[in-house]
Amino acid sequence: MLVYSRLKNKLTAVLSFLIKQRKVRRGSAAVLFLFLFTLIMAFDFVPERIDLVVGQVSPKTYKAQKDLVFEYEDKTAEMRRIAAEKAEKIYAKDPQVSVAVQKDISDLFTRVSEIQEDTGLDTAAKVSRLKSVLPFVIPEEDITGLASYQIQDTHAVENSLNNLVGGIMQAGDGIIQDSLEEAKDTLYNQVSALNLAKPYDSFSKGAVGRFLRPNTFINYEMTKQKQDEAMAAVPPAMISVMEGEKLIGEGEIITEEHMVKLQALGLVREKPQFTSILGVFLLVAMLMTTTLVYLYQQNREIYKQAGLLYLLGMIVLVVMGVGKAIIAINVTQWPEFSAQFGYMVPIAAAGMLIALLLDSRLAVLVVAVLSLLLGVMTGNQFRFAVVGFVGGITGVYSVSKLSQRSDLVRAGIYTSGANVVAIFIVGLVNGSPLALLISSSLALGVINGILSSILTNGFLPFLENTFRITSSVRLLEISNPNNVLLKRLLTEAPGTYHHSIIVGNLAESAADALGGDSLLVRVGAYYHDIGKCKRPYFFIENQMTVDNPHDKITPSLSTLILTSHVKDGVEMAKEHKLPQGIIDIIEQHHGTSLVSYFYYKALENDRTETITEEEFRYEGPKPRTRAAAIVMLADAVEAAVRSLQSPTQGRVEGLVRKIIKDKLNDGQLEECDLTFKDLGVIASSFVRVLSGVFHSRIEYPDMPKEIEGRKTNGGSRKQLAGKNGC
């Protein structure tokens, strides 16, 4: 028991260690997804197929659900077997066999002659010796006769017999196995024709029966070649089935040909073959590897985050599962229509979800992979793969520039339209009946688009919350002015709200110029100062009177109040469950910047020996993303330019570049990946936007007294408007 407990603890420790290893977790997840994908692809969980055997009475009428031309393999094999049997056999004669046969006969005659000429033996002894040397049986009296003949007679019979044997073995094709008995009969007749004495006649026929053998043999290599040529000349036996054609009627006896058609159309339940499962497994493994290699090469950020890979796998798994369920639907009243249900598989849902949550280019690749898998799942009917790919790509590009959640409905409409067109074109290529083509393209194409939109809308919030991903849809929702926090900012800190809107415009323009996530930057700018809602009147943009509360407190306390708006903003954002990307911008938009006004004000109080810069800096952290850095620069620039008395373009540009340079020198941009070139692009973008916001205005002169008098006396409004340049 103690040993078992120790072993259990050690095993638990090892498993715990392995689970903590990043590579082990990733590898285990990859194997799990590979297994699940293969399971969905290779097995029918809701089988609509039937158990039928040859000789059984068909329980119902079955019709073909698609056009199909296939080979009747068993019939083809039988026809080719018959052709091979009829093919000419090629023979080759072996001359050595004839020599060997004649030698065997001569050796036997020699032994008989030796016994005949042995004078030391009497007749009985010779008979006994002859019996021992003869390899065949002849009558007793014939053996006694042989013993009494002279050797000259024996040699003459030997020569005659060998001539007969040599002649028949050399003539024509010689002796083949099938004609051996026939050759023996011929030699027996030829021996009889020699009119030999009865002992020699029996002896010669016995020798022929014993030693004669085939000397012509089949050339198997050349014969096999002839058979292969004959088999190749036989065309395959093809069977053509038209969509809607009756395969077998109710009550009919199922024949072998019926069975072949039903099997070819996939209507008969069969056990999955190991080779088929292995093929599906290898195909899925290859496509998974291709996707991972693409991510490693083109989008390392997603590849490094295991959670995003799990998200990708879940999306593909769900769409494949939904597709498998749709394909399994069988409406018995409309079998031809049911055969088109593969067009309803919502591959576009996977494309839209991946485009919104991860990356549009990755979404295109996954749509292509899913389309290929759909073709395999539907029995290699790649018409479904073509339609799935067209609809999926349309879905991806329909959500690429999302501006509001209702755009997902529009994306579903676009996907429906693309599916309708694709189904119609593919149906024309396959030669489907026009009535079925129109109904299936309209109904199934629209259902596909609607289903894709529903799945995207339904799964998007769940996936966002589970994997902590900020999608464009979520950003659009929280950027609505009616959002609780933004409405509170507008009512409690209107100056800050206005400032945030302008910062948002600046930041969005800069992000667009850099090719960054402009939506995240804009929404982050809207919320970057929400912490000011707790003490709005301590910030200059919200002070409506000349009284400044900072005049009554120390610089250090003022600094503490000002810097606390970052911490307050983070708390408010977390309380209202804002996305992590927005919280990061709120937390980092000041970095560790110095509150210079109150720092220098504190220095004026002659206590420089007790004052340090750290007391007057924000807690940070410094911006760690391009988005946070852009918002920091836009925030600082907007506040500074707003304080300019005469914001000409030259003065604005000089101030913008000075502020960016100061932030750079202060080390605030150390932890983000902005380059000097990027900073130049940001500065130019800021100047362009600010020149539109703080443009020069016409200074209207005071109204002349005489015009004022006319107005008072009811003068012409038209004249007044003309003089004021309105």
# chains A, B, ... in the order shown; residues from 1 in each chain; ligands from 1
>>> select_by_dssp(residues="segment 182-325 of chain A", states="helix (DSSP H, G or I)", output="NGL selection string")
:A and (182-193 or 198-211 or 220-232 or 256-264 or 274-298 or 300-304 or 306-325)
>>> residues_around(residues="segment 509-524 of chain A", least_positions_apart="3", cutoff="9 Å", atoms="only C-alpha atoms", output="ChimeraX atom specification")
/A:470-472,475-476,478-479,501,503-506,527-528,581-586,626-628,630-631,634,678,681-686,689
>>> write_last_selection(atoms="C-alpha atoms", output="PDB file, in the first residue's frame")
ATOM      1  CA  THR A 470     -11.503  42.906 -28.105  1.00  0.00           C
ATOM      2  CA  SER A 471     -13.266  42.695 -31.440  1.00  0.00           C
ATOM      3  CA  SER A 472     -14.266  45.626 -33.599  1.00  0.00           C
ATOM      4  CA  LEU A 475     -15.285  48.477 -29.641  1.00  0.00           C
ATOM      5  CA  LEU A 476     -18.125  49.904 -31.695  1.00  0.00           C
ATOM      6  CA  ILE A 478     -18.631  50.891 -26.236  1.00  0.00           C
ATOM      7  CA  SER A 479     -17.858  53.856 -28.511  1.00  0.00           C
ATOM      8  CA  ILE A 501     -13.151  63.437 -28.851  1.00  0.00           C
ATOM      9  CA  VAL A 503      -7.708  63.204 -29.044  1.00  0.00           C
ATOM     10  CA  GLY A 504      -9.644  60.352 -30.595  1.00  0.00           C
ATOM     11  CA  ASN A 505      -9.616  62.053 -33.988  1.00  0.00           C
ATOM     12  CA  LEU A 506      -5.885  62.737 -33.714  1.00  0.00           C
ATOM     13  CA  TYR A 527     -11.991  56.544 -22.462  1.00  0.00           C
ATOM     14  CA  HIS A 528      -8.430  57.534 -21.599  1.00  0.00           C
ATOM     15  CA  GLY A 581      -6.941  46.830 -24.664  1.00  0.00           C
ATOM     16  CA  ILE A 582      -8.849  49.930 -23.519  1.00  0.00           C
ATOM     17  CA  ILE A 583      -7.725  49.444 -19.901  1.00  0.00           C
ATOM     18  CA  ASP A 584      -4.114  49.266 -21.066  1.00  0.00           C
ATOM     19  CA  ILE A 585      -4.481  52.584 -22.902  1.00  0.00           C
ATOM     20  CA  ILE A 586      -6.035  54.227 -19.825  1.00  0.00           C
ATOM     21  CA  ARG A 626       1.713  51.449 -30.370  1.00  0.00           C
ATOM     22  CA  ALA A 627      -1.922  52.220 -29.564  1.00  0.00           C
ATOM     23  CA  ALA A 628      -1.119  53.453 -26.041  1.00  0.00           C
ATOM     24  CA  ILE A 630      -0.244  57.155 -30.011  1.00  0.00           C
ATOM     25  CA  VAL A 631      -2.910  58.110 -27.479  1.00  0.00           C
ATOM     26  CA  ALA A 634      -2.254  62.810 -29.093  1.00  0.00           C
ATOM     27  CA  ASP A 678       6.717  56.265 -37.343  1.00  0.00           C
ATOM     28  CA  VAL A 681       4.334  60.018 -39.741  1.00  0.00           C
ATOM     29  CA  ILE A 682       2.469  60.606 -36.462  1.00  0.00           C
ATOM     30  CA  ALA A 683       3.626  64.226 -36.302  1.00  0.00           C
ATOM     31  CA  SER A 684       2.503  64.914 -39.879  1.00  0.00           C
ATOM     32  CA  SER A 685      -0.868  63.324 -39.196  1.00  0.00           C
ATOM     33  CA  PHE A 686      -1.355  65.398 -36.019  1.00  0.00           C
ATOM     34  CA  VAL A 689      -5.831  67.223 -38.201  1.00  0.00           C
TER      35      VAL A 689
END
>>> residues_around(residues="segment 102-112 of chain A", least_positions_apart="5", cutoff="7 Å", atoms="only C-alpha atoms", output="list in words")
Leu130, Glu158, Asn162, Ala207 and Phe211 of chain A
>>> write_last_selection(atoms="N, CA and C atoms", output="PDB file, in the first residue's frame")
ATOM      1  N   LEU A 130      16.129 -59.212 -64.760  1.00  0.00           N
ATOM      2  CA  LEU A 130      15.356 -58.275 -65.584  1.00  0.00           C
ATOM      3  C   LEU A 130      14.236 -57.619 -64.777  1.00  0.00           C
ATOM      4  N   GLU A 158      16.017 -50.903 -79.882  1.00  0.00           N
ATOM      5  CA  GLU A 158      16.401 -49.633 -79.236  1.00  0.00           C
ATOM      6  C   GLU A 158      16.487 -48.524 -80.251  1.00  0.00           C
ATOM      7  N   ASN A 162      14.035 -45.193 -80.284  1.00  0.00           N
ATOM      8  CA  ASN A 162      14.591 -43.837 -80.124  1.00  0.00           C
ATOM      9  C   ASN A 162      14.262 -42.960 -81.324  1.00  0.00           C
ATOM     10  N   ALA A 207       8.606 -48.679 -71.787  1.00  0.00           N
ATOM     11  CA  ALA A 207       9.639 -47.635 -71.747  1.00  0.00           C
ATOM     12  C   ALA A 207       9.066 -46.280 -72.142  1.00  0.00           C
ATOM     13  N   PHE A 211       9.260 -43.120 -69.580  1.00  0.00           N
ATOM     14  CA  PHE A 211      10.261 -42.063 -69.782  1.00  0.00           C
ATOM     15  C   PHE A 211       9.778 -40.872 -70.615  1.00  0.00           C
TER      16      PHE A 211
END
>>> residues_around(residues="segment 288-303 of chain A", least_positions_apart="6", cutoff="9 Å", atoms="only C-alpha atoms", output="ChimeraX atom specification")
/A:30,34,309,358-359,362,365-366,369
>>> residues_around(residues="segment 421-424 of chain A", least_positions_apart="2", cutoff="6 Å", atoms="only C-alpha atoms", output="ChimeraX atom specification")
/A:387,418-419,426-427,441
>>> residues_around(residues="Lys246 of chain A", least_positions_apart="3", cutoff="7 Å", atoms="only C-alpha atoms", output="compact mmCIF listing (two decimals) with C-alpha atoms, in the first residue's frame")
# COMPACT_ATOMS: atom_id res chain seq x y z
CA TYR A 62 -34.88 4.75 -53.56
CA LYS A 63 -33.93 7.44 -56.05
CA ALA A 64 -30.56 8.90 -56.98
>>> atom_distance(atom1="atom CA of Asn215 of chain A", atom2="atom CA of His155 of chain A")
25.2 Å
>>> residues_around(residues="Glu670 of chain A", least_positions_apart="6", cutoff="10 Å", atoms="only C-alpha atoms", output="short mmCIF file (atom, residue, chain, number, x, y, z; two decimals) with C-alpha atoms, in the first residue's frame")
data_model
loop_
_atom_site.label_atom_id
_atom_site.label_comp_id
_atom_site.auth_asym_id
_atom_site.auth_seq_id
_atom_site.Cartn_x
_atom_site.Cartn_y
_atom_site.Cartn_z
CA LYS A 622 5.10 53.47 -19.90
CA PRO A 623 3.23 52.73 -23.12
CA ARG A 624 3.87 49.15 -24.17
CA ALA A 629 1.86 55.47 -27.32
CA LYS A 663 8.38 62.47 -24.81
CA LEU A 664 11.11 60.60 -26.66
#
